[in-house]
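For reference, input_0.tsv (TSV, N, CA and C atoms and all ligand atoms):
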chain	number	residue	atom	x	y	z
A	247	MET	N	3.43	-6.36	17.05
A	247	MET	CA	4.39	-7.31	17.62
A	247	MET	C	5.81	-6.82	17.37
A	248	PRO	N	6.64	-6.80	18.41
A	248	PRO	CA	8.03	-6.36	18.19
A	248	PRO	C	8.74	-7.26	17.19
A	249	LEU	N	9.75	-6.72	16.59
A	249	LEU	CA	10.48	-7.46	15.56
A	249	LEU	C	11.30	-8.60	16.15
A	250	SER	N	11.32	-9.69	15.44
A	250	SER	CA	12.20	-10.78	15.81
A	250	SER	C	13.62	-10.42	15.34
A	251	PRO	N	14.63	-11.08	15.90
A	251	PRO	CA	16.00	-10.81	15.44
A	251	PRO	C	16.15	-11.02	13.94
A	252	LYS	N	15.48	-12.01	13.40
A	252	LYS	CA	15.56	-12.28	11.97
A	252	LYS	C	14.95	-11.13	11.16
A	253	GLU	N	13.82	-10.62	11.64
A	253	GLU	CA	13.19	-9.49	10.96
A	253	GLU	C	14.06	-8.24	11.05
A	254	GLN	N	14.68	-8.04	12.21
A	254	GLN	CA	15.57	-6.89	12.35
A	254	GLN	C	16.73	-6.96	11.37
A	255	ASN	N	17.24	-8.16	11.20
A	255	ASN	CA	18.32	-8.41	10.26
A	255	ASN	C	17.87	-8.10	8.83
A	256	LEU	N	16.70	-8.57	8.50
A	256	LEU	CA	16.12	-8.33	7.18
A	256	LEU	C	15.94	-6.83	6.94
A	257	PHE	N	15.41	-6.18	7.96
A	257	PHE	CA	15.19	-4.74	7.86
A	257	PHE	C	16.51	-4.01	7.64
A	258	GLN	N	17.51	-4.37	8.43
A	258	GLN	CA	18.81	-3.69	8.32
A	258	GLN	C	19.41	-3.86	6.93
A	259	GLN	N	19.28	-5.05	6.40
A	259	GLN	CA	19.83	-5.30	5.07
A	259	GLN	C	19.09	-4.52	4.00
A	260	LYS	N	17.78	-4.41	4.21
A	260	LYS	CA	16.98	-3.65	3.25
A	260	LYS	C	17.39	-2.17	3.29
A	261	ILE	N	17.58	-1.64	4.49
A	261	ILE	CA	17.99	-0.25	4.63
A	261	ILE	C	19.38	-0.02	4.04
A	262	ASP	N	20.29	-0.95	4.31
A	262	ASP	CA	21.65	-0.82	3.76
A	262	ASP	C	21.62	-0.82	2.23
A	263	ALA	N	20.80	-1.69	1.66
A	263	ALA	CA	20.70	-1.77	0.21
A	263	ALA	C	20.09	-0.48	-0.35
A	264	LEU	N	19.10	0.04	0.34
A	264	LEU	CA	18.46	1.29	-0.09
A	264	LEU	C	19.47	2.43	-0.06
A	265	GLN	N	20.23	2.48	1.00
A	265	GLN	CA	21.25	3.54	1.12
A	265	GLN	C	22.25	3.47	-0.02
A	266	GLU	N	22.67	2.25	-0.33
A	266	GLU	CA	23.62	2.04	-1.42
A	266	GLU	C	23.02	2.47	-2.77
A	267	ASP	N	21.79	2.06	-3.01
A	267	ASP	CA	21.14	2.39	-4.28
A	267	ASP	C	20.91	3.89	-4.42
A	268	LEU	N	20.57	4.55	-3.31
A	268	LEU	CA	20.37	6.00	-3.37
A	268	LEU	C	21.70	6.73	-3.56
A	269	ALA	N	22.76	6.21	-2.94
A	269	ALA	CA	24.08	6.82	-3.11
A	269	ALA	C	24.51	6.76	-4.58
A	270	LYS	N	24.15	5.67	-5.25
A	270	LYS	CA	24.49	5.52	-6.67
A	270	LYS	C	23.91	6.62	-7.53
A	271	VAL	N	22.74	7.16	-7.12
A	271	VAL	CA	22.15	8.25	-7.89
A	271	VAL	C	22.41	9.60	-7.22
A	272	GLY	N	23.38	9.62	-6.30
A	272	GLY	CA	23.85	10.88	-5.72
A	272	GLY	C	22.99	11.44	-4.60
A	273	VAL	N	22.22	10.57	-3.96
A	273	VAL	CA	21.32	11.03	-2.91
A	273	VAL	C	21.90	10.70	-1.52
A	274	VAL	N	21.85	11.69	-0.63
A	274	VAL	CA	22.28	11.47	0.75
A	274	VAL	C	21.13	10.80	1.51
A	275	PHE	N	21.43	9.69	2.15
A	275	PHE	CA	20.41	8.99	2.93
A	275	PHE	C	20.91	8.79	4.36
A	276	ARG	N	20.06	9.10	5.35
A	276	ARG	CA	20.41	8.87	6.75
A	276	ARG	C	19.30	8.08	7.44
A	277	ALA	N	19.73	7.00	8.08
A	277	ALA	CA	18.80	6.17	8.83
A	277	ALA	C	18.82	6.60	10.29
A	278	ASP	N	17.66	6.50	10.96
A	278	ASP	CA	17.61	6.78	12.40
A	278	ASP	C	18.18	8.17	12.69
A	279	TRP	N	17.76	9.14	11.90
A	279	TRP	CA	18.37	10.47	11.90
A	279	TRP	C	17.50	11.45	12.66
A	280	SER	N	18.01	11.94	13.76
A	280	SER	CA	17.36	12.99	14.55
A	280	SER	C	16.05	12.49	15.19
A	281	CYS	N	15.47	13.37	16.03
A	281	CYS	CA	14.33	12.91	16.86
A	281	CYS	C	13.00	12.95	16.12
A	282	CYS	N	12.86	13.88	15.18
A	282	CYS	CA	11.57	14.01	14.49
A	282	CYS	C	11.80	14.64	13.12
A	283	GLN	N	10.74	14.79	12.37
A	283	GLN	CA	10.87	15.28	11.00
A	283	GLN	C	11.43	16.70	10.95
A	284	SER	N	10.91	17.61	11.79
A	284	SER	CA	11.38	19.00	11.63
A	284	SER	C	12.83	19.16	12.11
A	285	CYS	N	13.21	18.50	13.21
A	285	CYS	CA	14.62	18.55	13.63
A	285	CYS	C	15.49	17.88	12.57
A	286	GLY	N	14.99	16.80	11.99
A	286	GLY	CA	15.75	16.07	10.98
A	286	GLY	C	16.10	16.95	9.79
A	287	HIS	N	15.12	17.72	9.31
A	287	HIS	CA	15.39	18.62	8.18
A	287	HIS	C	16.42	19.68	8.58
A	288	ALA	N	16.24	20.26	9.77
A	288	ALA	CA	17.16	21.32	10.22
A	288	ALA	C	18.58	20.78	10.35
A	289	GLU	N	18.71	19.61	10.97
A	289	GLU	CA	20.05	19.04	11.18
A	289	GLU	C	20.68	18.60	9.86
A	290	MET	N	19.86	18.12	8.96
A	290	MET	CA	20.39	17.70	7.66
A	290	MET	C	20.94	18.90	6.91
A	291	LYS	N	20.18	19.99	6.89
A	291	LYS	CA	20.65	21.18	6.18
A	291	LYS	C	21.95	21.68	6.79
A	292	ALA	N	22.05	21.64	8.13
A	292	ALA	CA	23.29	22.06	8.79
A	292	ALA	C	24.44	21.15	8.42
A	293	GLU	N	24.20	19.84	8.41
A	293	GLU	CA	25.28	18.91	8.10
A	293	GLU	C	25.75	19.05	6.66
A	294	LEU	N	24.80	19.17	5.74
A	294	LEU	CA	25.18	19.25	4.33
A	294	LEU	C	25.99	20.52	4.05
A	295	LYS	N	25.65	21.56	4.76
A	295	LYS	CA	26.39	22.81	4.62
A	295	LYS	C	27.82	22.63	5.14
A	296	ASP	N	27.93	21.96	6.31
A	296	ASP	CA	29.24	21.72	6.90
A	296	ASP	C	30.12	20.90	5.97
A	297	GLU	N	29.48	19.93	5.33
A	297	GLU	CA	30.27	19.04	4.48
A	297	GLU	C	30.50	19.63	3.08
A	298	GLU	N	30.09	20.87	2.93
A	298	GLU	CA	30.30	21.59	1.68
A	298	GLU	C	29.70	20.92	0.45
A	299	TYR	N	28.56	20.34	0.67
A	299	TYR	CA	27.76	19.93	-0.48
A	299	TYR	C	27.21	21.23	-1.08
A	300	GLU	N	26.72	21.12	-2.29
A	300	GLU	CA	25.98	22.25	-2.82
A	300	GLU	C	24.80	22.48	-1.90
A	301	PHE	N	24.38	23.71	-1.80
A	301	PHE	CA	23.31	23.99	-0.84
A	301	PHE	C	22.07	23.15	-1.12
A	302	ASP	N	21.71	23.04	-2.39
A	302	ASP	CA	20.51	22.29	-2.67
A	302	ASP	C	20.83	20.85	-3.05
A	303	THR	N	20.96	20.03	-2.04
A	303	THR	CA	21.30	18.62	-2.22
A	303	THR	C	20.07	17.77	-1.92
A	304	THR	N	19.87	16.75	-2.72
A	304	THR	CA	18.76	15.83	-2.45
A	304	THR	C	19.11	14.93	-1.28
A	305	TYR	N	18.20	14.86	-0.32
A	305	TYR	CA	18.42	13.96	0.81
A	305	TYR	C	17.12	13.30	1.24
A	306	ILE	N	17.29	12.17	1.89
A	306	ILE	CA	16.16	11.38	2.39
A	306	ILE	C	16.57	10.84	3.75
A	307	PHE	N	15.65	10.86	4.69
A	307	PHE	CA	15.98	10.27	6.01
A	307	PHE	C	14.73	9.72	6.68
A	308	TYR	N	14.95	8.88	7.68
A	308	TYR	CA	13.85	8.59	8.61
A	308	TYR	C	14.38	8.84	10.01
A	309	HIS	N	13.47	9.28	10.87
A	309	HIS	CA	13.89	9.74	12.19
A	309	HIS	C	13.70	8.65	13.26
A	310	GLN	N	14.16	8.96	14.46
A	310	GLN	CA	14.18	7.96	15.52
A	310	GLN	C	12.79	7.49	15.94
A	311	GLN	N	11.80	8.39	15.79
A	311	GLN	CA	10.43	7.95	16.11
A	311	GLN	C	10.00	6.84	15.15
A	312	ALA	N	10.42	6.97	13.90
A	312	ALA	CA	10.08	5.95	12.91
A	312	ALA	C	10.77	4.63	13.26
A	313	THR	N	12.01	4.74	13.72
A	313	THR	CA	12.74	3.53	14.14
A	313	THR	C	12.01	2.84	15.29
A	314	GLU	N	11.56	3.66	16.25
A	314	GLU	CA	10.84	3.10	17.40
A	314	GLU	C	9.55	2.41	16.95
A	315	ASP	N	8.83	3.07	16.03
A	315	ASP	CA	7.59	2.48	15.52
A	315	ASP	C	7.85	1.12	14.89
A	316	LEU	N	8.96	1.03	14.14
A	316	LEU	CA	9.28	-0.23	13.49
A	316	LEU	C	9.59	-1.31	14.51
A	317	LYS	N	10.34	-0.92	15.53
A	317	LYS	CA	10.69	-1.90	16.57
A	317	LYS	C	9.43	-2.41	17.25
A	318	GLU	N	8.40	-1.55	17.30
A	318	GLU	CA	7.13	-1.96	17.91
A	318	GLU	C	6.26	-2.73	16.95
A	319	GLY	N	6.72	-2.86	15.71
A	319	GLY	CA	5.98	-3.71	14.79
A	319	GLY	C	5.24	-3.00	13.67
A	320	ALA	N	5.50	-1.69	13.47
A	320	ALA	CA	4.89	-1.00	12.33
A	320	ALA	C	5.32	-1.71	11.05
A	321	ASP	N	4.44	-1.79	10.08
A	321	ASP	CA	4.82	-2.52	8.88
A	321	ASP	C	5.14	-1.60	7.71
A	322	GLU	N	5.27	-0.30	8.02
A	322	GLU	CA	5.66	0.65	6.98
A	322	GLU	C	6.71	1.60	7.54
A	323	LEU	N	7.61	1.99	6.67
A	323	LEU	CA	8.62	2.98	7.05
A	323	LEU	C	8.33	4.25	6.27
A	324	TYR	N	8.30	5.38	6.99
A	324	TYR	CA	8.04	6.65	6.34
A	324	TYR	C	9.34	7.44	6.21
A	325	LEU	N	9.61	7.91	5.02
A	325	LEU	CA	10.85	8.64	4.75
A	325	LEU	C	10.55	10.11	4.50
A	326	ALA	N	11.27	10.98	5.23
A	326	ALA	CA	11.20	12.41	4.95
A	326	ALA	C	12.19	12.71	3.84
A	327	HIS	N	11.90	13.75	3.07
A	327	HIS	CA	12.74	13.96	1.90
A	327	HIS	C	12.80	15.41	1.47
A	328	HIS	N	13.88	15.71	0.78
A	328	HIS	CA	14.04	17.00	0.09
A	328	HIS	C	14.72	16.64	-1.22
A	329	ILE	N	13.96	16.72	-2.29
A	329	ILE	CA	14.46	16.20	-3.56
A	329	ILE	C	14.43	17.28	-4.62
A	330	ILE	N	15.58	17.53	-5.22
A	330	ILE	CA	15.61	18.56	-6.26
A	330	ILE	C	15.12	17.96	-7.57
A	331	GLU	N	14.58	18.85	-8.37
A	331	GLU	CA	13.89	18.45	-9.60
A	331	GLU	C	14.69	17.45	-10.45
A	332	GLY	N	15.98	17.73	-10.64
A	332	GLY	CA	16.79	16.92	-11.53
A	332	GLY	C	17.02	15.50	-11.04
A	333	ASP	N	16.81	15.25	-9.75
A	333	ASP	CA	17.02	13.92	-9.18
A	333	ASP	C	15.74	13.11	-9.08
A	334	LEU	N	14.62	13.78	-9.31
A	334	LEU	CA	13.32	13.19	-8.98
A	334	LEU	C	13.09	11.84	-9.66
A	335	GLU	N	13.33	11.79	-10.96
A	335	GLU	CA	13.04	10.57	-11.71
A	335	GLU	C	13.85	9.39	-11.19
A	336	ALA	N	15.15	9.63	-10.97
A	336	ALA	CA	16.03	8.56	-10.50
A	336	ALA	C	15.60	8.08	-9.11
A	337	VAL	N	15.21	9.01	-8.26
A	337	VAL	CA	14.81	8.65	-6.89
A	337	VAL	C	13.52	7.81	-6.92
A	338	VAL	N	12.56	8.25	-7.71
A	338	VAL	CA	11.30	7.50	-7.80
A	338	VAL	C	11.57	6.08	-8.29
A	339	GLU	N	12.48	5.95	-9.24
A	339	GLU	CA	12.82	4.64	-9.78
A	339	GLU	C	13.43	3.72	-8.72
A	340	VAL	N	14.37	4.26	-7.94
A	340	VAL	CA	14.99	3.47	-6.88
A	340	VAL	C	13.93	3.04	-5.86
A	341	LEU	N	13.10	3.98	-5.44
A	341	LEU	CA	12.13	3.69	-4.39
A	341	LEU	C	11.09	2.67	-4.83
A	342	GLU	N	10.78	2.68	-6.12
A	342	GLU	CA	9.83	1.69	-6.64
A	342	GLU	C	10.32	0.27	-6.39
A	343	GLU	N	11.63	0.10	-6.53
A	343	GLU	CA	12.21	-1.23	-6.31
A	343	GLU	C	12.02	-1.70	-4.88
A	344	TYR	N	11.80	-0.75	-3.99
A	344	TYR	CA	11.61	-1.09	-2.58
A	344	TYR	C	10.13	-1.11	-2.21
A	345	GLY	N	9.30	-1.14	-3.21
A	345	GLY	CA	7.87	-1.30	-2.97
A	345	GLY	C	7.11	-0.02	-2.73
A	346	SER	N	7.77	1.12	-2.92
A	346	SER	CA	7.10	2.40	-2.68
A	346	SER	C	6.16	2.75	-3.83
A	347	ASP	N	5.03	3.35	-3.48
A	347	ASP	CA	4.10	3.81	-4.52
A	347	ASP	C	4.20	5.34	-4.68
A	348	TRP	N	5.22	5.91	-4.10
A	348	TRP	CA	5.42	7.36	-4.18
A	348	TRP	C	5.79	7.76	-5.61
A	349	LYS	N	5.13	8.81	-6.10
A	349	LYS	CA	5.36	9.20	-7.49
A	349	LYS	C	6.07	10.54	-7.62
A	350	GLY	N	6.62	11.01	-6.51
A	350	GLY	CA	7.38	12.26	-6.58
A	350	GLY	C	6.64	13.47	-6.03
A	351	GLU	N	5.52	13.24	-5.35
A	351	GLU	CA	4.77	14.36	-4.79
A	351	GLU	C	5.58	15.00	-3.66
A	352	LYS	N	5.83	16.31	-3.80
A	352	LYS	CA	6.66	17.02	-2.83
A	352	LYS	C	6.09	16.98	-1.41
A	353	ASP	N	4.77	17.08	-1.30
A	353	ASP	CA	4.16	17.21	0.02
A	353	ASP	C	3.72	15.87	0.61
A	354	LYS	N	4.12	14.79	-0.03
A	354	LYS	CA	3.73	13.47	0.46
A	354	LYS	C	4.94	12.74	1.01
A	355	THR	N	4.78	12.14	2.19
A	355	THR	CA	5.86	11.34	2.77
A	355	THR	C	6.02	10.06	1.95
A	356	ILE	N	7.27	9.64	1.79
A	356	ILE	CA	7.51	8.39	1.06
A	356	ILE	C	7.24	7.21	1.98
A	357	ARG	N	6.49	6.25	1.48
A	357	ARG	CA	6.13	5.09	2.28
A	357	ARG	C	6.82	3.86	1.71
A	358	ILE	N	7.55	3.16	2.55
A	358	ILE	CA	8.18	1.91	2.13
A	358	ILE	C	7.55	0.78	2.92
A	359	PRO	N	6.88	-0.14	2.26
A	359	PRO	CA	6.35	-1.27	3.01
A	359	PRO	C	7.51	-2.08	3.57
A	360	PHE	N	7.43	-2.39	4.82
A	360	PHE	CA	8.52	-3.05	5.49
A	360	PHE	C	8.22	-4.54	5.59
A	361	LEU	N	9.17	-5.37	5.17
A	361	LEU	CA	8.99	-6.82	5.17
A	361	LEU	C	7.82	-7.22	4.27
A	362	ALA	N	7.54	-6.36	3.30
A	362	ALA	CA	6.43	-6.67	2.40
A	362	ALA	C	6.85	-7.73	1.40
A	363	ASP	N	5.90	-8.16	0.63
A	363	ASP	CA	6.17	-9.19	-0.35
A	363	ASP	C	6.62	-8.53	-1.65
A	364	ASP	N	7.66	-7.72	-1.56
A	364	ASP	CA	8.14	-7.06	-2.76
A	364	ASP	C	9.44	-7.71	-3.22
A	365	GLU	N	9.88	-7.27	-4.38
A	365	GLU	CA	11.05	-7.88	-5.00
A	365	GLU	C	12.28	-7.82	-4.09
A	366	MET	N	12.50	-6.63	-3.49
A	366	MET	CA	13.69	-6.46	-2.66
A	366	MET	C	13.65	-7.33	-1.41
A	367	SER	N	12.50	-7.36	-0.73
A	367	SER	CA	12.38	-8.19	0.46
A	367	SER	C	12.61	-9.65	0.13
A	368	ASN	N	12.04	-10.06	-1.00
A	368	ASN	CA	12.20	-11.46	-1.39
A	368	ASN	C	13.65	-11.80	-1.71
A	369	ARG	N	14.32	-10.85	-2.37
A	369	ARG	CA	15.73	-11.06	-2.70
A	369	ARG	C	16.55	-11.19	-1.41
A	370	ILE	N	16.26	-10.31	-0.45
A	370	ILE	CA	17.00	-10.34	0.81
A	370	ILE	C	16.66	-11.61	1.60
A	371	ARG	N	15.37	-11.97	1.59
A	371	ARG	CA	14.99	-13.22	2.27
A	371	ARG	C	15.75	-14.40	1.69
A	372	GLY	N	15.87	-14.39	0.35
A	372	GLY	CA	16.61	-15.45	-0.32
A	372	GLY	C	18.06	-15.50	0.13
A	373	LEU	N	18.66	-14.31	0.25
A	373	LEU	CA	20.05	-14.24	0.69
A	373	LEU	C	20.21	-14.80	2.09
A	374	ILE	N	19.28	-14.44	2.98
A	374	ILE	CA	19.35	-14.91	4.36
A	374	ILE	C	19.17	-16.43	4.40
A	375	ALA	N	18.20	-16.90	3.63
A	375	ALA	CA	17.90	-18.34	3.63
A	375	ALA	C	19.07	-19.16	3.12
A	376	SER	N	19.87	-18.56	2.20
A	376	SER	CA	20.95	-19.33	1.60
A	376	SER	C	22.21	-19.32	2.47
A	377	LYS	N	22.17	-18.59	3.59
A	377	LYS	CA	23.36	-18.53	4.44
A	377	LYS	C	23.44	-19.73	5.38
A	401	ZN	ZN	12.68	16.88	17.00

As structure tokens - that is how I would like this structure written.
Ligand SMILES: [Zn+2]
Amino acid sequence: MPLSPKEQNLFQQKIDALQEDLAKVGVVFRADWSCCQSCGHAEMKAELKDEEYEFDTTYIFYHQQATEDLKEGADELYLAHHIIEGDLEAVVEVLEEYGSDWKGEKDKTIRIPFLADDEMSNRIRGLIASK
């Protein structure tokens, strides 16, 4: 089922909060980034180089196909990632708050349950309800 406007709002707030939390631990996050996973990685590496980040920068993104899937009612968001060793623990910790069961496996896509009954969704639902 496609998302209702309320669900879209909830989703957007969850993504914004995730981006903020990842930025706090020095991670670059891009939403709705590029057409697919392989283009996303290529474009990210090009952008990070342009912006004169260190070459090996931790980044996380989801691509436009994932956005489309969500609009069609997918209940999970898959995040592509490139995470350097020193950032791993902090990233896993942040993602756990968003309901992810990812434990830092390099070859595994990060899965975020969307609109799930997790702490973050409930907090955001509370915020929306109190408006
Ligand atoms: Zn592509």

| request: Taking only C-alpha atoms and all ligand atoms into account, report as a PyMOL selection string which residues have an atom no farther than 6 Å from an atom of ligand ZN 401 (chain A). | output: chain A and resi 281-282+284-285

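Taking only C-alpha atoms into account, Ser346 (chain A) lies nearest to A:Leu264 out of the set A:Ala312, A:Leu264, A:Ile330, A:Leu249.
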
| task | Could you give me the residues within chain A that DSSP places in helix (DSSP H, G or I), as a PyMOL selection string? | result | chain A and resi 251-270+283-296+310-317+331-343+365-375

| request: Can you work out which one of A:Val338, A:Asp302, A:Lys352, A:Phe360 has the shortest atom-to-atom distance to Phe257 (chain A), counting all atoms listed in the file? | output: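 Result for the nearest residue to Phe257 (chain A): A:Phe360.
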
| task | Using all atoms listed in the file, collect all residues at a distance of at most 8 Å from (17.0, 3.5, 7.7) as written in the file, then present them as a list in words. | result |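 Returned residue set, sorted by chain then number, is Phe257, Gln258, Lys260, Ile261, Asp262, Gln265, Phe275, Arg276, Ala277, Asp278, Trp279, Phe307, Tyr308, His309 and Thr313 of chain A.
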
| field | In chain A, DSSP strand (DSSP E or B) residues written as an MDAnalysis selection string | value | chainID A and resid 274:276 305:307 322:328 356:359

Write the residues you've just listed into a file as an mmCIF file, keeping the file's coordinate frame, and include N, CA and C atoms for each of them.
data_model
loop_
_atom_site.group_PDB
_atom_site.id
_atom_site.type_symbol
_atom_site.label_atom_id
_atom_site.label_comp_id
_atom_site.auth_asym_id
_atom_site.auth_seq_id
_atom_site.Cartn_x
_atom_site.Cartn_y
_atom_site.Cartn_z
ATOM 1 N N VAL A 274 21.850 11.690 -0.630
ATOM 2 C CA VAL A 274 22.280 11.470 0.750
ATOM 3 C C VAL A 274 21.130 10.800 1.510
ATOM 4 N N PHE A 275 21.430 9.690 2.150
ATOM 5 C CA PHE A 275 20.410 8.990 2.930
ATOM 6 C C PHE A 275 20.910 8.790 4.360
ATOM 7 N N ARG A 276 20.060 9.100 5.350
ATOM 8 C CA ARG A 276 20.410 8.870 6.750
ATOM 9 C C ARG A 276 19.300 8.080 7.440
ATOM 10 N N TYR A 305 18.200 14.860 -0.320
ATOM 11 C CA TYR A 305 18.420 13.960 0.810
ATOM 12 C C TYR A 305 17.120 13.300 1.240
ATOM 13 N N ILE A 306 17.290 12.170 1.890
ATOM 14 C CA ILE A 306 16.160 11.380 2.390
ATOM 15 C C ILE A 306 16.570 10.840 3.750
ATOM 16 N N PHE A 307 15.650 10.860 4.690
ATOM 17 C CA PHE A 307 15.980 10.270 6.010
ATOM 18 C C PHE A 307 14.730 9.720 6.680
ATOM 19 N N GLU A 322 5.270 -0.300 8.020
ATOM 20 C CA GLU A 322 5.660 0.650 6.980
ATOM 21 C C GLU A 322 6.710 1.600 7.540
ATOM 22 N N LEU A 323 7.610 1.990 6.670
ATOM 23 C CA LEU A 323 8.620 2.980 7.050
ATOM 24 C C LEU A 323 8.330 4.250 6.270
ATOM 25 N N TYR A 324 8.300 5.380 6.990
ATOM 26 C CA TYR A 324 8.040 6.650 6.340
ATOM 27 C C TYR A 324 9.340 7.440 6.210
ATOM 28 N N LEU A 325 9.610 7.910 5.020
ATOM 29 C CA LEU A 325 10.850 8.640 4.750
ATOM 30 C C LEU A 325 10.550 10.110 4.500
ATOM 31 N N ALA A 326 11.270 10.980 5.230
ATOM 32 C CA ALA A 326 11.200 12.410 4.950
ATOM 33 C C ALA A 326 12.190 12.710 3.840
ATOM 34 N N HIS A 327 11.900 13.750 3.070
ATOM 35 C CA HIS A 327 12.740 13.960 1.900
ATOM 36 C C HIS A 327 12.800 15.410 1.470
ATOM 37 N N HIS A 328 13.880 15.710 0.780
ATOM 38 C CA HIS A 328 14.040 17.000 0.090
ATOM 39 C C HIS A 328 14.720 16.640 -1.220
ATOM 40 N N ILE A 356 7.270 9.640 1.790
ATOM 41 C CA ILE A 356 7.510 8.390 1.060
ATOM 42 C C ILE A 356 7.240 7.210 1.980
ATOM 43 N N ARG A 357 6.490 6.250 1.480
ATOM 44 C CA ARG A 357 6.130 5.090 2.280
ATOM 45 C C ARG A 357 6.820 3.860 1.710
ATOM 46 N N ILE A 358 7.550 3.160 2.550
ATOM 47 C CA ILE A 358 8.180 1.910 2.130
ATOM 48 C C ILE A 358 7.550 0.780 2.920
ATOM 49 N N PRO A 359 6.880 -0.140 2.260
ATOM 50 C CA PRO A 359 6.350 -1.270 3.010
ATOM 51 C C PRO A 359 7.510 -2.080 3.570
#

| message | I'd like the interatomic distance between atom N of Gln254 (chain A) and atom N of Thr304 (chain A), to a tenth of an Å. | response | 29.4 Å
